[in-house]
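Note sheet for the following structure.
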Amino acid sequence: MMQNLKLILLKSNQTLVAQIEELEVEYGLPNCKLVQPYEVGTDYIYEDDERWDPEKPIDDYIAKPCQKRVVLERWPWYTDQREVLFHADNILTILSPNAEVVKAYIDVVPSILDEESDEVLQER
């Protein structure tokens, strides 16, 4: 299962992480299935555990050191459906996720772990 975990850049400028399966279907039908898709985002955490607040002036944050953290949000929003049929035409490119994204994904989808997981994590 881990080898199917991919980072998917959409033409709509969204970044997803999901297990992806190619489907053989007639032309015009959805030709891939995204399993357990999540939108990838970034959270900025400052030294005093303060999170970035867009309502505050940017000058309050410029000189402060911060750490970036990967944040995953269920996608698509407003549904409990965890398998999504999708047209590959909407995909800009498909990449392998880095270790930080893989770890965040495992935190939210622990069922993806299998005997190959340790090998995949060690490779990254």
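So you can find residues: chains in the structure tokens are A, B, ... in the order shown, residues in each start at 1, and ligands are numbered from 1 in order.
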| request: Please provide the set of residues having any atom within 12 Å of Ile62 of chain A, restricted to only C-alpha atoms, with same-chain residues fewer than 6 positions apart removed, written as a PyMOL selection string. | output: chain A and resi 46+52+56
| task | Please provide as an NGL selection string all residues within 7 Å of Cys32 of chain A, with the sequence filter that same-chain residues fewer than 5 positions apart are discarded (counting only C-alpha atoms). | result | :A and (20-23 or 85-88)
Using C-alpha atoms, can you export the residues from the last selection as a short mmCIF file (atom, residue, chain, number, x, y, z; two decimals), in the first residue's frame?
data_model
loop_
_atom_site.label_atom_id
_atom_site.label_comp_id
_atom_site.auth_asym_id
_atom_site.auth_seq_id
_atom_site.Cartn_x
_atom_site.Cartn_y
_atom_site.Cartn_z
CA ILE A 20 -3.74 6.28 -6.00
CA GLU A 21 -4.98 3.49 -8.24
CA GLU A 22 -5.22 3.68 -12.01
CA LEU A 23 -8.52 2.45 -13.49
CA LEU A 85 -13.08 8.65 -8.46
CA PHE A 86 -11.06 11.26 -10.28
CA HIS A 87 -10.18 12.39 -13.82
CA ALA A 88 -6.44 12.36 -14.42
#
| query | Which residue gives the smallest distance to Gln19 of chain A among A:Thr42, A:Asn98, A:Asn90, A:Gln36, with only C-alpha atoms counted? | reply |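 Of the candidates, the smallest distance to Gln19 of chain A is held by A:Gln36.
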| field | Atom pair atom CA of Met2 of chain A / atom CA of Val70 of chain A: separation (Å) | value |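 Spanning atom CA of Met2 of chain A to atom CA of Val70 of chain A is a straight-line distance of 18.5 Å.
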| message | When DSSP is applied to the backbone of this structure, which of chain A are assigned strand (DSSP E)? Write them out as a ChimeraX atom specification. | response | /A:5-10,15-22,32-46,66-74,83-86,91-95
| message | Which residues are close to Val102 of chain A, i.e. within 9 Å by only C-alpha atoms, leaving aside same-chain residues fewer than 5 positions away? Reply as a list of chain:residue names. | response | A:Leu5, A:Val17, A:Pro97, A:Asp107, A:Leu121
| So which residues touch Gln67 of chain A within 10 Å, counting only C-alpha atoms, skipping near sequence neighbours fewer than 5 positions away, as a ChimeraX atom specification? | /A:42-47,49
| task | Run DSSP on the backbone of this structure and report the residues of segment 18-92 of chain A it assigns to helix (DSSP H, G or I), as a ChimeraX atom specification. | result | /A:59-62,88-90
Could the residues in this selection be saved with N, CA and C atoms as a short mmCIF file (atom, residue, chain, number, x, y, z; two decimals), in the first residue's frame?
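Done, and the output landed in out-v6.cif:
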data_model
loop_
_atom_site.label_atom_id
_atom_site.label_comp_id
_atom_site.auth_asym_id
_atom_site.auth_seq_id
_atom_site.Cartn_x
_atom_site.Cartn_y
_atom_site.Cartn_z
N ASP A 59 4.80 42.45 10.23
CA ASP A 59 6.02 42.85 10.93
C ASP A 59 6.18 42.14 12.27
N ASP A 60 5.08 41.69 12.87
CA ASP A 60 5.16 40.96 14.13
C ASP A 60 5.85 39.61 13.96
N TYR A 61 5.92 39.12 12.72
CA TYR A 61 6.45 37.77 12.48
C TYR A 61 7.78 37.74 11.74
N ILE A 62 8.14 38.81 11.07
CA ILE A 62 9.30 38.79 10.18
C ILE A 62 10.57 38.37 10.90
N ALA A 88 -7.86 12.03 -14.39
CA ALA A 88 -6.44 12.36 -14.42
C ALA A 88 -6.18 13.68 -15.14
N ASP A 89 -7.13 14.15 -15.95
CA ASP A 89 -6.98 15.44 -16.63
C ASP A 89 -6.79 16.59 -15.65
N ASN A 90 -7.26 16.42 -14.42
CA ASN A 90 -7.15 17.47 -13.40
C ASN A 90 -5.80 17.48 -12.69
#
| query | Counting only C-alpha atoms, what is within 8 Å of Ile91 of chain A, bar same-chain residues fewer than 6 positions away, as a PyMOL selection string? | reply | chain A and resi 8-11
| remark: Restricting to only C-alpha atoms, whichever of A:Val71, A:Leu29, A:Leu34, A:Ile58 is closest to Ala104 of chain A is A:Val71
| said: Taking only C-alpha atoms into account, name the residue in A:Tyr78, A:Ser111, A:Glu100, A:Glu73 that is nearest to Leu16 of chain A. | reply: A:Glu73
| query | Distance atom CA of Glu24 of chain A-atom CA of Ser12 of chain A, one decimal place? | reply | 24.3 Å
| Given only C-alpha atoms as the counted atoms, nearest of A:Leu95, A:Pro65, A:Trp77, A:Pro110 to Arg51 of chain A | A:Pro65
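Here atom CA of Trp75 of chain A and atom CA of Gly41 of chain A stand 11.7 Å from one another.
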